[in-house]
>>> print(open('query.cif').read())   # mmCIF, C-alpha atoms
data_structure
#
loop_
_atom_site.label_atom_id
_atom_site.label_comp_id
_atom_site.auth_asym_id
_atom_site.auth_seq_id
_atom_site.Cartn_x
_atom_site.Cartn_y
_atom_site.Cartn_z
CA PRO D 1 4.50 -61.13 77.68
CA ALA D 2 4.65 -64.63 76.19
CA MET D 3 2.91 -63.61 72.95
CA GLN D 4 5.69 -61.14 72.12
CA SER D 5 8.21 -63.96 71.90
CA LEU D 6 6.23 -65.85 69.26
CA SER D 7 7.06 -65.68 65.59
CA THR D 8 4.58 -64.14 63.15
CA GLY D 9 3.69 -67.58 61.77
CA HIS D 10 3.17 -68.90 65.26
CA ARG D 11 0.86 -65.98 66.09
CA VAL D 12 -1.26 -66.81 63.01
CA LEU D 13 -1.51 -70.47 64.08
CA TRP D 14 -2.49 -69.42 67.60
CA LEU D 15 -5.22 -67.09 66.32
CA GLN D 16 -6.60 -69.86 64.11
CA LEU D 17 -6.78 -72.19 67.09
CA CYS D 18 -8.53 -69.62 69.25
CA MET D 19 -11.36 -69.30 66.71
CA SER D 20 -12.64 -72.78 67.56
CA TYR D 21 -11.09 -73.22 70.99
CA ALA D 22 -12.90 -73.01 74.30
CA VAL D 23 -12.56 -74.15 77.90
CA PRO D 24 -15.79 -75.72 79.17
CA VAL D 25 -16.91 -75.80 82.79
CA SER D 26 -15.21 -79.18 83.29
CA GLY D 27 -11.84 -77.50 82.75
CA THR D 28 -10.72 -79.56 79.75
CA PRO D 29 -10.06 -77.33 76.71
CA THR D 30 -12.25 -78.14 73.73
CA VAL D 31 -11.85 -77.82 69.97
CA LYS D 32 -15.13 -78.04 68.04
CA VAL D 33 -15.30 -78.46 64.25
CA ARG D 34 -17.82 -79.48 61.61
CA VAL D 35 -17.96 -83.12 60.62
CA HIS D 36 -15.25 -84.11 58.09
CA ASP D 37 -13.40 -80.80 58.53
CA PRO D 38 -9.74 -80.86 59.60
CA ALA D 39 -9.05 -80.15 63.28
CA VAL D 40 -5.99 -78.76 65.05
CA LEU D 41 -5.56 -79.73 68.70
CA PRO D 42 -3.09 -77.43 70.50
CA CYS D 43 -0.57 -78.43 73.14
CA SER D 44 0.21 -75.41 75.27
CA GLU D 45 3.46 -76.76 76.72
CA ARG D 46 6.82 -76.65 74.93
CA CYS D 47 8.60 -79.99 74.61
CA SER D 48 12.28 -80.29 73.65
CA GLY D 49 12.23 -84.09 73.98
CA VAL D 50 9.82 -86.62 72.47
CA ALA D 51 6.34 -85.16 72.06
CA GLU D 52 3.50 -87.65 71.60
CA TRP D 53 -0.29 -87.65 71.24
CA THR D 54 -2.35 -90.54 72.61
CA LEU D 55 -5.90 -91.42 73.69
CA PRO D 56 -6.99 -92.04 77.30
CA GLY D 57 -6.04 -95.49 78.55
CA LYS D 58 -3.90 -96.18 75.47
CA PRO D 59 -0.46 -94.71 76.26
CA ARG D 60 1.31 -97.17 73.95
CA ASP D 61 -0.98 -96.46 71.01
CA VAL D 62 0.81 -93.36 69.74
CA LEU D 63 -1.17 -91.36 67.16
CA ALA D 64 1.67 -88.98 66.31
CA GLN D 65 5.18 -88.30 67.58
CA CYS D 66 7.95 -85.74 67.07
CA ASN D 67 11.53 -85.44 68.27
CA GLN D 68 14.38 -83.09 67.37
CA THR D 69 15.04 -84.79 64.04
CA SER D 70 11.70 -85.96 62.62
CA CYS D 71 7.99 -86.72 63.08
CA GLN D 72 5.87 -89.78 62.41
CA SER D 73 2.14 -90.41 62.67
CA LYS D 74 -0.69 -92.81 62.00
CA GLU D 75 -2.94 -92.35 58.98
CA GLY D 76 -5.39 -89.52 59.55
CA PHE D 77 -3.17 -87.74 62.09
CA GLN D 78 -0.21 -85.40 61.69
CA MET D 79 2.34 -83.37 63.64
CA ARG D 80 4.45 -80.77 61.82
CA HIS D 81 8.14 -80.68 62.62
CA ASP D 82 8.43 -76.92 62.16
CA GLU D 83 5.62 -76.34 64.69
CA TYR D 84 7.22 -78.76 67.14
CA LEU D 85 10.57 -76.93 66.90
CA LYS D 86 8.77 -73.62 67.55
CA GLY D 87 7.25 -75.03 70.73
CA SER D 88 3.77 -75.87 69.43
CA PRO D 89 3.47 -79.67 69.10
CA ALA D 90 -0.13 -79.53 67.84
CA LEU D 91 -1.98 -82.60 66.60
CA ARG D 92 -3.74 -82.28 63.26
CA ILE D 93 -6.67 -84.54 62.39
CA THR D 94 -7.30 -84.60 58.66
CA ASP D 95 -10.93 -85.81 58.72
CA ALA D 96 -12.75 -85.17 61.99
CA ASP D 97 -15.77 -87.46 61.93
CA PHE D 98 -17.88 -88.53 64.90
CA SER D 99 -15.62 -91.50 65.62
CA LYS D 100 -12.78 -89.08 66.38
CA ARG D 101 -14.65 -87.46 69.30
CA ASN D 102 -12.46 -88.02 72.33
CA THR D 103 -10.06 -86.47 74.80
CA TYR D 104 -6.52 -86.44 73.40
CA THR D 105 -3.39 -86.29 75.58
CA CYS D 106 -0.13 -84.55 74.68
CA SER D 107 2.92 -85.90 76.49
CA CYS D 108 6.60 -84.98 76.66
CA ASP D 109 9.15 -87.73 77.31
CA GLY D 110 6.36 -89.94 78.67
CA VAL D 111 4.88 -87.33 81.01
CA ASP D 112 1.32 -86.13 80.26
CA ILE D 113 1.35 -82.35 79.92
CA TYR D 114 -1.92 -81.36 78.23
CA ASP D 115 -5.42 -82.70 77.50
CA VAL D 116 -7.83 -81.36 74.89
CA ARG D 117 -11.23 -82.67 73.81
CA LEU D 118 -12.39 -82.84 70.21
CA GLN D 119 -16.10 -82.25 69.63
CA ILE D 120 -18.10 -82.26 66.40
CA HIS D 121 -20.81 -79.73 65.63
CA PRO D 122 -24.15 -81.58 65.42
CA LEU D 123 -25.60 -82.26 62.01
CA SER D 124 -28.74 -80.28 61.21
CA THR D 125 -31.49 -81.64 58.96
CA PRO D 126 -34.84 -80.02 58.08
CA VAL D 127 -37.59 -82.59 57.44
CA GLN D 128 -41.01 -82.02 55.87
CA ILE D 129 -43.45 -84.93 55.83
CA VAL D 130 -47.23 -85.40 55.67
CA SER D 131 -49.50 -86.74 58.39
CA GLY D 132 -49.27 -90.52 58.65
CA ASP D 133 -45.68 -90.70 57.35
CA THR D 134 -42.75 -92.23 59.24
CA LEU D 135 -39.89 -90.09 60.60
CA SER D 136 -36.42 -91.66 60.26
CA LEU D 137 -33.65 -90.61 62.64
CA SER D 138 -29.97 -91.64 62.49
CA TRP D 139 -27.16 -90.88 64.94
CA HIS D 140 -23.76 -91.91 63.43
CA VAL D 141 -22.18 -93.14 66.70
CA PRO D 142 -22.06 -96.59 68.35
CA GLU D 143 -22.60 -95.22 71.86
CA PRO D 144 -26.03 -95.14 73.58
CA VAL D 145 -28.05 -92.08 72.60
CA GLU D 146 -31.00 -90.10 73.91
CA VAL D 147 -33.83 -88.65 71.83
CA ILE D 148 -34.98 -85.20 72.96
CA TYR D 149 -38.17 -83.65 71.61
CA THR D 150 -39.00 -79.93 71.71
CA SER D 151 -42.46 -79.10 70.42
CA GLU D 152 -42.89 -76.48 67.72
CA GLY D 153 -42.92 -73.00 69.23
CA ALA D 154 -41.90 -74.18 72.70
CA ALA D 155 -40.00 -71.59 74.71
CA GLY D 156 -38.23 -73.96 77.10
CA PRO D 157 -35.89 -76.92 76.66
CA GLY D 158 -37.18 -80.18 75.24
CA GLY D 159 -37.85 -83.37 77.12
CA LEU D 160 -36.38 -86.85 76.91
CA ILE D 161 -38.71 -89.18 75.01
CA GLY D 162 -36.50 -92.25 74.73
CA THR D 163 -33.09 -93.91 74.59
CA VAL D 164 -31.37 -96.27 72.17
CA ASP D 165 -28.65 -98.64 73.44
CA GLY D 166 -27.55 -101.10 70.79
CA ARG D 167 -30.77 -102.88 69.79
CA SER D 168 -32.55 -101.91 73.00
CA LEU D 169 -35.23 -99.20 72.89
CA GLN D 170 -36.71 -97.46 75.93
CA PHE D 171 -39.38 -94.89 75.01
CA LYS D 172 -42.15 -93.05 76.83
CA PRO D 173 -45.80 -94.06 76.34
CA GLY D 174 -47.15 -92.44 73.22
CA TYR D 175 -43.83 -93.15 71.47
CA ALA D 176 -42.98 -96.72 72.54
CA GLU D 177 -45.73 -98.25 70.39
CA ARG D 178 -44.68 -96.15 67.39
CA VAL D 179 -40.91 -96.71 67.28
CA THR D 180 -38.98 -99.40 65.42
CA LEU D 181 -35.27 -99.88 64.89
CA THR D 182 -33.73 -100.97 61.60
CA SER D 183 -30.55 -99.28 60.42
CA VAL D 184 -32.22 -96.08 61.67
CA LEU D 185 -34.78 -95.20 64.33
CA GLN D 186 -38.25 -94.90 62.84
CA LEU D 187 -41.19 -93.10 64.45
CA GLY D 188 -44.42 -93.99 62.69
CA GLY D 189 -47.82 -92.36 62.46
CA MET D 190 -46.51 -88.81 62.53
CA ARG D 191 -49.12 -86.10 63.18
CA PRO D 192 -49.02 -82.30 62.83
CA SER D 193 -48.80 -82.15 66.65
CA ASP D 194 -45.49 -84.05 66.36
CA SER D 195 -43.87 -81.11 64.57
CA GLY D 196 -40.84 -79.70 66.36
CA VAL D 197 -37.16 -80.39 66.98
CA TYR D 198 -35.82 -83.92 67.56
CA THR D 199 -32.29 -83.97 68.96
CA ILE D 200 -30.09 -87.07 69.08
CA ARG D 201 -27.66 -86.75 72.01
CA ASP D 202 -24.82 -88.96 73.22
CA SER D 203 -25.98 -90.39 76.56
CA GLN D 204 -22.47 -90.50 78.01
CA THR D 205 -21.01 -87.15 76.97
CA GLN D 206 -24.31 -85.26 76.52
CA GLU D 207 -22.98 -84.00 73.18
CA GLU D 208 -25.59 -83.34 70.50
CA ILE D 209 -25.09 -85.52 67.41
CA HIS D 210 -27.95 -84.74 65.02
CA ILE D 211 -30.75 -82.16 65.16
CA TYR D 212 -33.87 -82.69 63.05
CA THR D 213 -36.31 -79.81 62.58
CA VAL D 214 -39.53 -81.56 61.61
CA THR D 215 -42.69 -80.15 60.04
CA VAL D 216 -45.66 -82.49 59.66
CA ARG D 217 -48.36 -81.24 57.27
CA ALA D 218 -51.98 -82.33 57.59
#
>>> encode(input="query.cif", output="structure tokens")
Amino acid sequence: PAMQSLSTGHRVLWLQLCMSYAVPVSGTPTVKVRVHDPAVLPCSERCSGVAEWTLPGKPRDVLAQCNQTSCQSKEGFQMRHDEYLKGSPALRITDADFSKRNTYTCSCDGVDIYDVRLQIHPLSTPVQIVSGDTLSLSWHVPEPVEVIYTSEGAAGPGGLIGTVDGRSLQFKPGYAERVTLTSVLQLGGMRPSDSGVYTIRDSQTQEEIHIYTVTVRA
């Protein structure tokens, strides 16, 4: 079996990757880490030539590169020469923030051989406010987002209450007249019946960005 041919160090690296590594329904492998943690994106194919990591649509914008003699990389990214020589040209991201969410492509001598998507675990914030206060929500990404509300104690999934696209707001009645946008999204006139979970979700990828668990006291 292939695993028997791996060195002990390589086995350890592989086990570390598997802890946060999954293949979603779409078929693209995914690595998911907490915000600002380091991330290791595996490349499952051995490359004895020039191994490179790039982003979709940017084949000339090389994030990191290794060949038989050395490696080089942009700030914030790294490939290790010893791993490359052992057949594991993984890409390391030193600070995985929300701007790093993307699908990364590993190539060998200019031929794409592996894709892997980096995801960030959503932030989680408990909020306790009193009736009449304003709830402030932030989302940390430039892309359009959706706001999902699940009422306190609800058994099923929440419902979409609005979207934010740049400076444009589209919210359901009952929320539209209460929302304003500054540097954050503000929902005014909070009531105890507004208690529940507010989830900020990327409209394009459907990835959750920030989850607020809100309690409104009378």
>>> closest_residue(input="query.cif", among="D:Leu85, D:Gly196, D:His210, D:Asp61", to="Gly158 in chain D", atoms="only C-alpha atoms")
D:Gly196
>>> closest_residue(input="query.cif", among="D:Val184, D:Val179, D:Ala39, D:Cys106", to="Leu118 in chain D", atoms="only C-alpha atoms")
D:Ala39
>>> residues_near_point(input="query.cif", point="(-45.9, -89.0, 58.8)", cutoff="7 Å", atoms="all atoms listed in the file", output="number ranges by chain")
D: 129-135, 188-191, 216
>>> residues_near_point(input="query.cif", point="(-7.4, -79.5, 72.0)", cutoff="8 Å", atoms="only C-alpha atoms", output="PyMOL selection string")
chain D and resi 21+29-31+40-43+103-104+115-118
>>> resolve_selection(input="query.cif", expression="the PyMOL selection byres ((chain D and resi 109) around 12)", output="list in words")
Arg46, Cys47, Ser48, Gly49, Val50, Ala51, Glu52, Trp53, Pro59, Gln65, Cys66, Asn67, Cys106, Ser107, Cys108, Gly110, Val111, Asp112 and Ile113 of chain D
>>> closest_residue(input="query.cif", among="D:Cys71, D:Lys58, D:Leu187, D:Val33", to="Gly174 in chain D", atoms="all atoms listed in the file")
D:Leu187
>>> resolve_selection(input="query.cif", expression="the PyMOL selection byres ((chain D and resi 121) around 7)", output="list in words")
Lys32, Val33, Arg34, Val35, Gln119, Ile120, Pro122 and Leu123 of chain D
>>> atom_distance(input="query.cif", atom1="CA of Lys172 in chain D", atom2="CA of Leu160 in chain D")
8.5 Å
>>> closest_residue(input="query.cif", among="D:Thr125, D:Lys74, D:Glu45, D:Leu55", to="Gly87 in chain D", atoms="all atoms listed in the file")
D:Glu45
>>> closest_residue(input="query.cif", among="D:Glu207, D:Asp82, D:Pro173, D:Ala90", to="Ala64 in chain D", atoms="only C-alpha atoms")
D:Ala90
>>> atom_distance(input="query.cif", atom1="CA of Ser124 in chain D", atom2="CA of Ser138 in chain D")
11.5 Å
>>> closest_residue(input="query.cif", among="D:Val197, D:Val145, D:Ala96, D:Leu169", to="Thr182 in chain D", atoms="all atoms listed in the file")
D:Leu169
>>> atom_distance(input="query.cif", atom1="CA of Glu75 in chain D", atom2="CA of Thr28 in chain D")
25.6 Å
>>> residues_around(input="query.cif", residues="Asp202 in chain D", least_positions_apart="2", cutoff="9 Å", atoms="all atoms listed in the file", output="list of chain:residue names")
D:Trp139, D:Val141, D:Glu143, D:Pro144, D:Val145, D:Glu146, D:Ile200, D:Gln204, D:Thr205, D:Gln206, D:Glu207, D:Glu208, D:Ile209
>>> axis_aligned_box(input="query.cif", around="range 30-46 of chain D", padding_each_side="3 Å", output="lines of an AutoDock Vina configuration file")
center_x = -5.6
center_y = -79.8
center_z = 67.4
size_x = 30.8
size_y = 14.7
size_z = 24.6
>>> decode(input="query.cif", residues="range 158-191 of chain D", atoms="N, CA, C and O atoms", output="PDB file, in the first residue's frame")
ATOM      1  N   GLY D 158     -33.054  28.356   9.942  1.00  0.00           N
ATOM      2  CA  GLY D 158     -33.519  29.728   9.935  1.00  0.00           C
ATOM      3  C   GLY D 158     -33.931  30.172   8.543  1.00  0.00           C
ATOM      4  O   GLY D 158     -33.781  29.446   7.557  1.00  0.00           O
ATOM      5  N   GLY D 159     -34.441  31.394   8.470  1.00  0.00           N
ATOM      6  CA  GLY D 159     -34.884  31.935   7.197  1.00  0.00           C
ATOM      7  C   GLY D 159     -34.098  33.183   6.823  1.00  0.00           C
ATOM      8  O   GLY D 159     -33.591  33.906   7.680  1.00  0.00           O
ATOM      9  N   LEU D 160     -34.009  33.428   5.527  1.00  0.00           N
ATOM     10  CA  LEU D 160     -33.320  34.603   5.012  1.00  0.00           C
ATOM     11  C   LEU D 160     -34.147  35.849   5.325  1.00  0.00           C
ATOM     12  O   LEU D 160     -35.323  35.923   4.971  1.00  0.00           O
ATOM     13  N   ILE D 161     -33.514  36.832   5.995  1.00  0.00           N
ATOM     14  CA  ILE D 161     -34.229  38.071   6.292  1.00  0.00           C
ATOM     15  C   ILE D 161     -33.707  39.246   5.471  1.00  0.00           C
ATOM     16  O   ILE D 161     -34.372  40.276   5.386  1.00  0.00           O
ATOM     17  N   GLY D 162     -32.524  39.097   4.861  1.00  0.00           N
ATOM     18  CA  GLY D 162     -32.023  40.194   4.050  1.00  0.00           C
ATOM     19  C   GLY D 162     -30.661  39.910   3.454  1.00  0.00           C
ATOM     20  O   GLY D 162     -30.004  38.920   3.779  1.00  0.00           O
ATOM     21  N   THR D 163     -30.248  40.802   2.549  1.00  0.00           N
ATOM     22  CA  THR D 163     -28.937  40.693   1.902  1.00  0.00           C
ATOM     23  C   THR D 163     -28.247  42.052   1.922  1.00  0.00           C
ATOM     24  O   THR D 163     -28.901  43.105   1.941  1.00  0.00           O
ATOM     25  N   VAL D 164     -26.922  42.003   1.912  1.00  0.00           N
ATOM     26  CA  VAL D 164     -26.095  43.204   1.840  1.00  0.00           C
ATOM     27  C   VAL D 164     -25.132  43.039   0.669  1.00  0.00           C
ATOM     28  O   VAL D 164     -24.381  42.063   0.603  1.00  0.00           O
ATOM     29  N   ASP D 165     -25.170  43.978  -0.279  1.00  0.00           N
ATOM     30  CA  ASP D 165     -24.284  43.950  -1.440  1.00  0.00           C
ATOM     31  C   ASP D 165     -23.693  45.344  -1.599  1.00  0.00           C
ATOM     32  O   ASP D 165     -24.340  46.248  -2.126  1.00  0.00           O
ATOM     33  N   GLY D 166     -22.454  45.500  -1.118  1.00  0.00           N
ATOM     34  CA  GLY D 166     -21.859  46.830  -1.107  1.00  0.00           C
ATOM     35  C   GLY D 166     -22.631  47.727  -0.155  1.00  0.00           C
ATOM     36  O   GLY D 166     -22.756  47.434   1.031  1.00  0.00           O
ATOM     37  N   ARG D 167     -23.200  48.816  -0.696  1.00  0.00           N
ATOM     38  CA  ARG D 167     -24.018  49.722   0.120  1.00  0.00           C
ATOM     39  C   ARG D 167     -25.508  49.446  -0.064  1.00  0.00           C
ATOM     40  O   ARG D 167     -26.349  50.198   0.451  1.00  0.00           O
ATOM     41  N   SER D 168     -25.836  48.414  -0.798  1.00  0.00           N
ATOM     42  CA  SER D 168     -27.233  48.108  -1.085  1.00  0.00           C
ATOM     43  C   SER D 168     -27.793  47.112  -0.069  1.00  0.00           C
ATOM     44  O   SER D 168     -27.195  46.063   0.191  1.00  0.00           O
ATOM     45  N   LEU D 169     -28.954  47.451   0.503  1.00  0.00           N
ATOM     46  CA  LEU D 169     -29.626  46.586   1.463  1.00  0.00           C
ATOM     47  C   LEU D 169     -30.964  46.128   0.898  1.00  0.00           C
ATOM     48  O   LEU D 169     -31.722  46.931   0.344  1.00  0.00           O
ATOM     49  N   GLN D 170     -31.235  44.837   1.028  1.00  0.00           N
ATOM     50  CA  GLN D 170     -32.535  44.289   0.643  1.00  0.00           C
ATOM     51  C   GLN D 170     -33.026  43.422   1.798  1.00  0.00           C
ATOM     52  O   GLN D 170     -32.508  42.324   2.020  1.00  0.00           O
ATOM     53  N   PHE D 171     -34.020  43.925   2.555  1.00  0.00           N
ATOM     54  CA  PHE D 171     -34.494  43.213   3.734  1.00  0.00           C
ATOM     55  C   PHE D 171     -36.007  43.043   3.688  1.00  0.00           C
ATOM     56  O   PHE D 171     -36.731  43.849   3.082  1.00  0.00           O
ATOM     57  N   LYS D 172     -36.483  42.000   4.358  1.00  0.00           N
ATOM     58  CA  LYS D 172     -37.902  41.702   4.425  1.00  0.00           C
ATOM     59  C   LYS D 172     -38.631  42.776   5.241  1.00  0.00           C
ATOM     60  O   LYS D 172     -38.030  43.418   6.105  1.00  0.00           O
ATOM     61  N   PRO D 173     -39.928  42.948   4.978  1.00  0.00           N
ATOM     62  CA  PRO D 173     -40.728  43.846   5.835  1.00  0.00           C
ATOM     63  C   PRO D 173     -40.635  43.407   7.296  1.00  0.00           C
ATOM     64  O   PRO D 173     -40.582  42.218   7.606  1.00  0.00           O
ATOM     65  N   GLY D 174     -40.599  44.387   8.169  1.00  0.00           N
ATOM     66  CA  GLY D 174     -40.383  44.097   9.579  1.00  0.00           C
ATOM     67  C   GLY D 174     -38.925  44.275   9.966  1.00  0.00           C
ATOM     68  O   GLY D 174     -38.602  44.465  11.145  1.00  0.00           O
ATOM     69  N   TYR D 175     -38.040  44.202   8.951  1.00  0.00           N
ATOM     70  CA  TYR D 175     -36.608  44.441   9.164  1.00  0.00           C
ATOM     71  C   TYR D 175     -36.137  45.645   8.340  1.00  0.00           C
ATOM     72  O   TYR D 175     -35.269  46.409   8.772  1.00  0.00           O
ATOM     73  N   ALA D 176     -36.704  45.818   7.140  1.00  0.00           N
ATOM     74  CA  ALA D 176     -36.231  46.861   6.221  1.00  0.00           C
ATOM     75  C   ALA D 176     -36.253  48.240   6.860  1.00  0.00           C
ATOM     76  O   ALA D 176     -35.331  49.049   6.661  1.00  0.00           O
ATOM     77  N   GLU D 177     -37.300  48.526   7.636  1.00  0.00           N
ATOM     78  CA  GLU D 177     -37.417  49.854   8.249  1.00  0.00           C
ATOM     79  C   GLU D 177     -36.553  49.994   9.502  1.00  0.00           C
ATOM     80  O   GLU D 177     -36.457  51.085  10.073  1.00  0.00           O
ATOM     81  N   ARG D 178     -35.893  48.917   9.900  1.00  0.00           N
ATOM     82  CA  ARG D 178     -35.090  48.943  11.129  1.00  0.00           C
ATOM     83  C   ARG D 178     -33.590  48.840  10.871  1.00  0.00           C
ATOM     84  O   ARG D 178     -32.790  48.981  11.803  1.00  0.00           O
ATOM     85  N   VAL D 179     -33.185  48.568   9.625  1.00  0.00           N
ATOM     86  CA  VAL D 179     -31.770  48.357   9.348  1.00  0.00           C
ATOM     87  C   VAL D 179     -31.122  49.616   8.778  1.00  0.00           C
ATOM     88  O   VAL D 179     -31.733  50.365   8.006  1.00  0.00           O
ATOM     89  N   THR D 180     -29.867  49.838   9.189  1.00  0.00           N
ATOM     90  CA  THR D 180     -29.024  50.880   8.620  1.00  0.00           C
ATOM     91  C   THR D 180     -27.639  50.294   8.424  1.00  0.00           C
ATOM     92  O   THR D 180     -27.258  49.301   9.067  1.00  0.00           O
ATOM     93  N   LEU D 181     -26.888  50.906   7.527  1.00  0.00           N
ATOM     94  CA  LEU D 181     -25.545  50.412   7.224  1.00  0.00           C
ATOM     95  C   LEU D 181     -24.542  51.525   7.411  1.00  0.00           C
ATOM     96  O   LEU D 181     -24.611  52.566   6.764  1.00  0.00           O
ATOM     97  N   THR D 182     -23.626  51.321   8.355  1.00  0.00           N
ATOM     98  CA  THR D 182     -22.485  52.234   8.540  1.00  0.00           C
ATOM     99  C   THR D 182     -21.248  51.403   8.199  1.00  0.00           C
ATOM    100  O   THR D 182     -21.141  50.896   7.095  1.00  0.00           O
ATOM    101  N   SER D 183     -20.340  51.266   9.123  1.00  0.00           N
ATOM    102  CA  SER D 183     -19.240  50.312   8.929  1.00  0.00           C
ATOM    103  C   SER D 183     -19.698  48.902   9.276  1.00  0.00           C
ATOM    104  O   SER D 183     -19.027  47.914   8.968  1.00  0.00           O
ATOM    105  N   VAL D 184     -20.855  48.800   9.935  1.00  0.00           N
ATOM    106  CA  VAL D 184     -21.482  47.520  10.270  1.00  0.00           C
ATOM    107  C   VAL D 184     -22.961  47.608   9.923  1.00  0.00           C
ATOM    108  O   VAL D 184     -23.487  48.692   9.638  1.00  0.00           O
ATOM    109  N   LEU D 185     -23.641  46.466   9.949  1.00  0.00           N
ATOM    110  CA  LEU D 185     -25.082  46.442   9.762  1.00  0.00           C
ATOM    111  C   LEU D 185     -25.746  46.597  11.119  1.00  0.00           C
ATOM    112  O   LEU D 185     -25.421  45.872  12.061  1.00  0.00           O
ATOM    113  N   GLN D 186     -26.659  47.547  11.236  1.00  0.00           N
ATOM    114  CA  GLN D 186     -27.323  47.797  12.505  1.00  0.00           C
ATOM    115  C   GLN D 186     -28.816  47.526  12.385  1.00  0.00           C
ATOM    116  O   GLN D 186     -29.462  47.976  11.436  1.00  0.00           O
ATOM    117  N   LEU D 187     -29.339  46.770  13.343  1.00  0.00           N
ATOM    118  CA  LEU D 187     -30.764  46.456  13.409  1.00  0.00           C
ATOM    119  C   LEU D 187     -31.309  47.087  14.681  1.00  0.00           C
ATOM    120  O   LEU D 187     -30.976  46.669  15.795  1.00  0.00           O
ATOM    121  N   GLY D 188     -32.116  48.118  14.515  1.00  0.00           N
ATOM    122  CA  GLY D 188     -32.587  48.886  15.657  1.00  0.00           C
ATOM    123  C   GLY D 188     -33.872  48.347  16.255  1.00  0.00           C
ATOM    124  O   GLY D 188     -34.546  47.474  15.696  1.00  0.00           O
ATOM    125  N   GLY D 189     -34.220  48.900  17.416  1.00  0.00           N
ATOM    126  CA  GLY D 189     -35.478  48.559  18.076  1.00  0.00           C
ATOM    127  C   GLY D 189     -35.614  47.092  18.407  1.00  0.00           C
ATOM    128  O   GLY D 189     -36.684  46.492  18.216  1.00  0.00           O
ATOM    129  N   MET D 190     -34.549  46.504  18.919  1.00  0.00           N
ATOM    130  CA  MET D 190     -34.585  45.073  19.230  1.00  0.00           C
ATOM    131  C   MET D 190     -35.577  44.786  20.355  1.00  0.00           C
ATOM    132  O   MET D 190     -35.694  45.535  21.322  1.00  0.00           O
ATOM    133  N   ARG D 191     -36.299  43.660  20.210  1.00  0.00           N
ATOM    134  CA  ARG D 191     -37.293  43.226  21.181  1.00  0.00           C
ATOM    135  C   ARG D 191     -36.959  41.824  21.676  1.00  0.00           C
ATOM    136  O   ARG D 191     -36.210  41.088  21.003  1.00  0.00           O
TER     137      ARG D 191
END
